[in-house]
Amino acid sequence: MEPASGDVEYEPRSVKEVLAEMKDTAELLIDLSYSAVLNGSDDIAEEVLALEGKMDVLQMQARMSLLMAARSPEDAEELAPVLGVVGAAEKIADAAGDIAKVVLEDIGLPQAMRATLPEAIETLVHATIAESSPLAGGTLGALNLETETGVRVIAIHRGGDWILNPHRDTDLRVDDRLLLRGPEEGIADVYVEATGREYQPPEPPEADDTDLERAVDSIVLMKNMSELAVDLAYGSVLFDSTDVAEEVVELEAEVDALQSRFEAWTLQAAAHADDPVSLRGLVHLANSTEVISDAAVEISEGVLRGLGTHPVVEHAVQESDEVIVRVTVAHGSAFDDTTLGEEQVETETGMRVIAVRRPPDDWVISPGPETEVHAGDVLLAKGTRLGAERLTELSGGERME
């Protein structure tokens with residue numbers, strides 16, 4: 001990590017506010033860094049580094065505020081897990097910056113990686129608003145894209161600048177380039193509305209049994225598992241759940257195992273490559289992605305060690321840009337005795353179900369469209385507050401804060 005420039009002074013700012021901003025920024029950085037690699041975009045990569053610098057300032061402000069708050073050994077014990085959350089968010093930002101440098105320093109990636117990356121971030125799509133678009137002139141709140149389609153606008157490129165984490169009052173204009181995230185069906189609808197053209201999903205890479213393809217596939221899986229680990233880690237903190245925290249540890253161990261296999265396949269591929277140096281970018285991606293899974297464990301460390309969750313972290317997660325909620329499915333509700341795919345939960349609510357807990361205490365981590373849901377199941381989901389309200393309504397059950 002490069003040292004940040006400029007002085008940082010203590011500000012009497014709410015720790016909760018700083019933590020919420022750090023959480024949102026870290027999650028946005030993961031999306032933007034991989035988007036920069038996928039598109040070979042120096043522009044997006046520069047934004048990643050700028051955000052990384054902002055995160056350095058935020059973590060210093062958070063540490064200063066926490067030091068001011070600690071007045072006794074009991075305070076120190078309660079605040080130690082909060083410092084872990086701060087450090088983990090900074091670690092994610094540093095890893096995203098290292099991913100962006102793969103683009104800025106022209107480290108290079110084999111073509112197989114370029115072909116496979118859309119599969120890793122298939123929910124990230126760029127769309128430029130046309131003059132005829134019905135989205136032009138509207139605000140995100142009025143358009144209500146997330147609740148209607150499950151698609152979130154996570155960034156807007158306008159006139160050479162990026163609007164990051166746009167809010168409900170942000171307006172959309174002709175020639176805005178939107179970075180969209182959501183289910184493919186919703187993406188297709190929003191893409192047509194924005195551009196006037198049909199959405200063409202990326203062609204899946206041809207099946208190959210080479211060591212290089214295996215190495216690339218392992219990075220794709222590492223990325224998906226690391227992102228899930230971060231989401232679950234915040235969920236474990238929000239609900240003080242040791243079970244969910246232990247799932248984070250399991251995911252981190254699986255990422256470590258994948259990295260070991262990746263290293264073996266990459267070394268074997270290098271023996272047959274015309275230009276082994278071209279594989280350096282793969283190594284950078286794998287190392288940075290593994291760091292993200294390590295950071296997820298740090299987020300849930302306090303829960304794992306029985307220190308509990310400090311209220312300031314709970315409130316920060318609840319008030320961040322994307323909230324994590326859990327709802328109980330009621331008898332006779334729309335979600336009772338169905339599958340997540342049949343009810344199109346993500347499209348209908350804009351919420352991504354990241355885990356399902358079945359009584360008495362069984363967990364389905366990273367459920368898919370075929371995952372069955374029954375009365376009494378608890379859905380752990382991530383999305384906007386409006387989406388959370390819609391999810392609660394369709395589940396017909398209790399939302400637990």
# chains A, B, ... in the order shown; residues from 1 in each chain; ligands from 1
call {"tool": "residues_around", "arguments": {"residues": "Gln59 (chain A)", "least_positions_apart": "5", "cutoff": "10 Å", "atoms": "only C-alpha atoms", "output": "list in words"}}
result
Val18, Leu19, Met22, Lys54, Met64, Ser65, Leu83, Val85, Val86, Gly87, Ala88, Ala89 and Glu90 of chain A
call {"tool": "write_last_selection", "arguments": {"atoms": "N, CA and C atoms", "output": "PDB file, in the first residue's frame"}}
result
ATOM      1  N   VAL A  18     -18.647   6.544  10.384  1.00  0.00           N
ATOM      2  CA  VAL A  18     -17.396   6.191   9.700  1.00  0.00           C
ATOM      3  C   VAL A  18     -17.399   4.708   9.311  1.00  0.00           C
ATOM      4  N   LEU A  19     -17.846   3.835  10.223  1.00  0.00           N
ATOM      5  CA  LEU A  19     -17.883   2.406   9.929  1.00  0.00           C
ATOM      6  C   LEU A  19     -18.825   2.097   8.773  1.00  0.00           C
ATOM      7  N   MET A  22     -17.113   3.090   5.631  1.00  0.00           N
ATOM      8  CA  MET A  22     -16.036   2.157   5.308  1.00  0.00           C
ATOM      9  C   MET A  22     -16.599   0.864   4.704  1.00  0.00           C
ATOM     10  N   LYS A  54      -9.042   7.349   0.155  1.00  0.00           N
ATOM     11  CA  LYS A  54     -10.112   7.819   1.033  1.00  0.00           C
ATOM     12  C   LYS A  54     -10.290   6.860   2.208  1.00  0.00           C
ATOM     13  N   MET A  64      -8.833   6.954  15.700  1.00  0.00           N
ATOM     14  CA  MET A  64      -8.745   8.074  16.637  1.00  0.00           C
ATOM     15  C   MET A  64      -9.983   8.135  17.529  1.00  0.00           C
ATOM     16  N   SER A  65     -11.152   7.990  16.926  1.00  0.00           N
ATOM     17  CA  SER A  65     -12.398   8.062  17.693  1.00  0.00           C
ATOM     18  C   SER A  65     -12.497   6.925  18.698  1.00  0.00           C
ATOM     19  N   LEU A  83     -12.156  -2.463  16.315  1.00  0.00           N
ATOM     20  CA  LEU A  83     -10.879  -2.221  15.638  1.00  0.00           C
ATOM     21  C   LEU A  83     -10.621  -3.292  14.583  1.00  0.00           C
ATOM     22  N   VAL A  85     -12.907  -4.814  12.790  1.00  0.00           N
ATOM     23  CA  VAL A  85     -13.749  -4.478  11.635  1.00  0.00           C
ATOM     24  C   VAL A  85     -13.115  -3.347  10.824  1.00  0.00           C
ATOM     25  N   VAL A  86     -12.569  -2.354  11.519  1.00  0.00           N
ATOM     26  CA  VAL A  86     -11.898  -1.238  10.834  1.00  0.00           C
ATOM     27  C   VAL A  86     -10.707  -1.745  10.027  1.00  0.00           C
ATOM     28  N   GLY A  87      -9.869  -2.562  10.654  1.00  0.00           N
ATOM     29  CA  GLY A  87      -8.692  -3.092   9.970  1.00  0.00           C
ATOM     30  C   GLY A  87      -9.050  -3.963   8.788  1.00  0.00           C
ATOM     31  N   ALA A  88     -10.133  -4.740   8.923  1.00  0.00           N
ATOM     32  CA  ALA A  88     -10.545  -5.623   7.833  1.00  0.00           C
ATOM     33  C   ALA A  88     -11.021  -4.825   6.616  1.00  0.00           C
ATOM     34  N   ALA A  89     -11.785  -3.761   6.861  1.00  0.00           N
ATOM     35  CA  ALA A  89     -12.256  -2.937   5.747  1.00  0.00           C
ATOM     36  C   ALA A  89     -11.079  -2.296   5.015  1.00  0.00           C
ATOM     37  N   GLU A  90     -10.075  -1.852   5.787  1.00  0.00           N
ATOM     38  CA  GLU A  90      -8.882  -1.265   5.163  1.00  0.00           C
ATOM     39  C   GLU A  90      -8.128  -2.321   4.354  1.00  0.00           C
TER      40      GLU A  90
END
call {"tool": "select_by_dssp", "arguments": {"residues": "region 77-263 of chain A", "states": "alpha helix (DSSP H)", "output": "VMD selection string"}}
result
chain A and resid 77 to 104 111 to 120 140 to 143 145 to 149 184 to 195 211 to 238 242 to 263
call {"tool": "atom_distance", "arguments": {"atom1": "CA of Ala80 (chain A)", "atom2": "CA of Asp31 (chain A)"}}
result
28.5 Å
call {"tool": "closest_atom_pairs", "arguments": {"of": "region 216-304 of chain A", "to": "region 371-395 of chain A", "cutoff": "9 Å", "atoms": "only C-alpha atoms", "output": "CSV"}}
result
residue,atom,partner,partner_atom,distance
A:Asp231,CA,A:Lys382,CA,7.9
A:Leu232,CA,A:Leu380,CA,8.7
A:Gly235,CA,A:Leu380,CA,7.6
call {"tool": "write_last_selection", "arguments": {"atoms": "C-alpha atoms", "output": "mmCIF file, in the first residue's frame"}}
result
data_model
loop_
_atom_site.group_PDB
_atom_site.id
_atom_site.type_symbol
_atom_site.label_atom_id
_atom_site.label_comp_id
_atom_site.auth_asym_id
_atom_site.auth_seq_id
_atom_site.Cartn_x
_atom_site.Cartn_y
_atom_site.Cartn_z
ATOM 1 C CA ASP A 231 -21.297 -10.600 3.347
ATOM 2 C CA LEU A 232 -21.626 -13.454 5.835
ATOM 3 C CA GLY A 235 -24.187 -10.888 8.905
#
call {"tool": "closest_residue", "arguments": {"among": "A:Glu370, A:Glu52, A:Glu343, A:Glu78", "to": "His310 (chain A)", "atoms": "only C-alpha atoms"}}
result
A:Glu78
call {"tool": "closest_residue", "arguments": {"among": "A:Ala286, A:Gln344, A:Ser366, A:Val313", "to": "Leu79 (chain A)", "atoms": "only C-alpha atoms"}}
result
A:Val313
call {"tool": "residues_around", "arguments": {"residues": "Ala215 (chain A)", "least_positions_apart": "6", "cutoff": "10 Å", "atoms": "only C-alpha atoms", "output": "list in words"}}
result
Ala112, Met113, Leu258, Gln259, Arg261, Phe262, Glu263, Ala264, Trp265, Thr266, Leu267, Gln268, Ala269, Leu282, Val283 and Ala286 of chain A
call {"tool": "residues_around", "arguments": {"residues": "Asp175 (chain A)", "least_positions_apart": "4", "cutoff": "7 Å", "atoms": "only C-alpha atoms", "output": "number ranges by chain"}}
result
A: 128-130
call {"tool": "residues_around", "arguments": {"residues": "Leu49 (chain A)", "least_positions_apart": "4", "cutoff": "9 Å", "atoms": "only C-alpha atoms", "output": "PyMOL selection string"}}
result
chain A and resi 44-45+53-54+93-94+96-98+100-101
call {"tool": "write_last_selection", "arguments": {"atoms": "all heavy atoms", "output": "mmCIF file, in the first residue's frame"}}
result
data_model
loop_
_atom_site.group_PDB
_atom_site.id
_atom_site.type_symbol
_atom_site.label_atom_id
_atom_site.label_comp_id
_atom_site.auth_asym_id
_atom_site.auth_seq_id
_atom_site.Cartn_x
_atom_site.Cartn_y
_atom_site.Cartn_z
ATOM 1 N N ILE A 44 -11.365 3.483 -14.476
ATOM 2 C CA ILE A 44 -11.964 2.866 -13.288
ATOM 3 C C ILE A 44 -10.876 2.504 -12.282
ATOM 4 O O ILE A 44 -11.050 2.671 -11.069
ATOM 5 C CB ILE A 44 -12.784 1.613 -13.677
ATOM 6 C CG1 ILE A 44 -13.925 2.002 -14.627
ATOM 7 C CG2 ILE A 44 -13.339 0.928 -12.438
ATOM 8 C CD1 ILE A 44 -14.736 0.823 -15.122
ATOM 9 N N ALA A 45 -9.733 2.028 -12.777
ATOM 10 C CA ALA A 45 -8.636 1.665 -11.880
ATOM 11 C C ALA A 45 -8.146 2.879 -11.082
ATOM 12 O O ALA A 45 -7.832 2.761 -9.886
ATOM 13 C CB ALA A 45 -7.489 1.057 -12.675
ATOM 14 N N GLY A 53 -7.317 5.600 -1.157
ATOM 15 C CA GLY A 53 -6.769 6.699 -0.367
ATOM 16 C C GLY A 53 -7.789 7.266 0.600
ATOM 17 O O GLY A 53 -7.468 7.600 1.746
ATOM 18 N N LYS A 54 -9.042 7.349 0.155
ATOM 19 C CA LYS A 54 -10.112 7.819 1.033
ATOM 20 C C LYS A 54 -10.290 6.860 2.208
ATOM 21 O O LYS A 54 -10.510 7.284 3.351
ATOM 22 C CB LYS A 54 -11.416 7.925 0.231
ATOM 23 C CG LYS A 54 -12.638 8.266 1.061
ATOM 24 C CD LYS A 54 -13.901 8.233 0.202
ATOM 25 C CE LYS A 54 -15.147 8.450 1.046
ATOM 26 N NZ LYS A 54 -16.386 8.356 0.222
ATOM 27 N N ALA A 93 -9.761 -2.777 1.061
ATOM 28 C CA ALA A 93 -9.446 -1.650 0.174
ATOM 29 C C ALA A 93 -8.054 -1.802 -0.427
ATOM 30 O O ALA A 93 -7.836 -1.548 -1.620
ATOM 31 C CB ALA A 93 -9.551 -0.333 0.942
ATOM 32 N N ASP A 94 -7.088 -2.210 0.387
ATOM 33 C CA ASP A 94 -5.730 -2.412 -0.121
ATOM 34 C C ASP A 94 -5.702 -3.506 -1.191
ATOM 35 O O ASP A 94 -5.014 -3.383 -2.205
ATOM 36 C CB ASP A 94 -4.791 -2.796 1.026
ATOM 37 C CG ASP A 94 -4.537 -1.643 1.993
ATOM 38 O OD1 ASP A 94 -4.852 -0.496 1.629
ATOM 39 O OD2 ASP A 94 -4.048 -1.902 3.104
ATOM 40 N N ALA A 96 -8.176 -4.383 -3.144
ATOM 41 C CA ALA A 96 -8.800 -3.844 -4.361
ATOM 42 C C ALA A 96 -7.824 -2.948 -5.115
ATOM 43 O O ALA A 96 -7.752 -2.972 -6.347
ATOM 44 C CB ALA A 96 -10.066 -3.065 -3.995
ATOM 45 N N GLY A 97 -7.039 -2.158 -4.370
ATOM 46 C CA GLY A 97 -6.032 -1.318 -5.015
ATOM 47 C C GLY A 97 -4.996 -2.146 -5.747
ATOM 48 O O GLY A 97 -4.572 -1.791 -6.854
ATOM 49 N N ASP A 98 -4.582 -3.257 -5.160
ATOM 50 C CA ASP A 98 -3.611 -4.128 -5.821
ATOM 51 C C ASP A 98 -4.197 -4.742 -7.099
ATOM 52 O O ASP A 98 -3.485 -4.933 -8.084
ATOM 53 C CB ASP A 98 -3.168 -5.242 -4.867
ATOM 54 C CG ASP A 98 -2.274 -4.716 -3.749
ATOM 55 O OD1 ASP A 98 -1.710 -3.621 -3.920
ATOM 56 O OD2 ASP A 98 -2.163 -5.395 -2.710
ATOM 57 N N ALA A 100 -6.464 -3.267 -8.980
ATOM 58 C CA ALA A 100 -6.493 -2.175 -9.960
ATOM 59 C C ALA A 100 -5.125 -1.955 -10.593
ATOM 60 O O ALA A 100 -5.012 -1.603 -11.774
ATOM 61 C CB ALA A 100 -6.975 -0.890 -9.288
ATOM 62 N N LYS A 101 -4.051 -2.186 -9.832
ATOM 63 C CA LYS A 101 -2.709 -1.982 -10.365
ATOM 64 C C LYS A 101 -2.343 -2.999 -11.438
ATOM 65 O O LYS A 101 -1.426 -2.773 -12.231
ATOM 66 C CB LYS A 101 -1.687 -2.024 -9.226
ATOM 67 C CG LYS A 101 -1.769 -0.799 -8.317
ATOM 68 C CD LYS A 101 -0.904 -0.949 -7.080
ATOM 69 C CE LYS A 101 -1.115 0.223 -6.127
ATOM 70 N NZ LYS A 101 -0.407 0.038 -4.851
#
call {"tool": "atom_distance", "arguments": {"atom1": "CA of Ala188 (chain A)", "atom2": "CA of Thr149 (chain A)"}}
result
9.6 Å
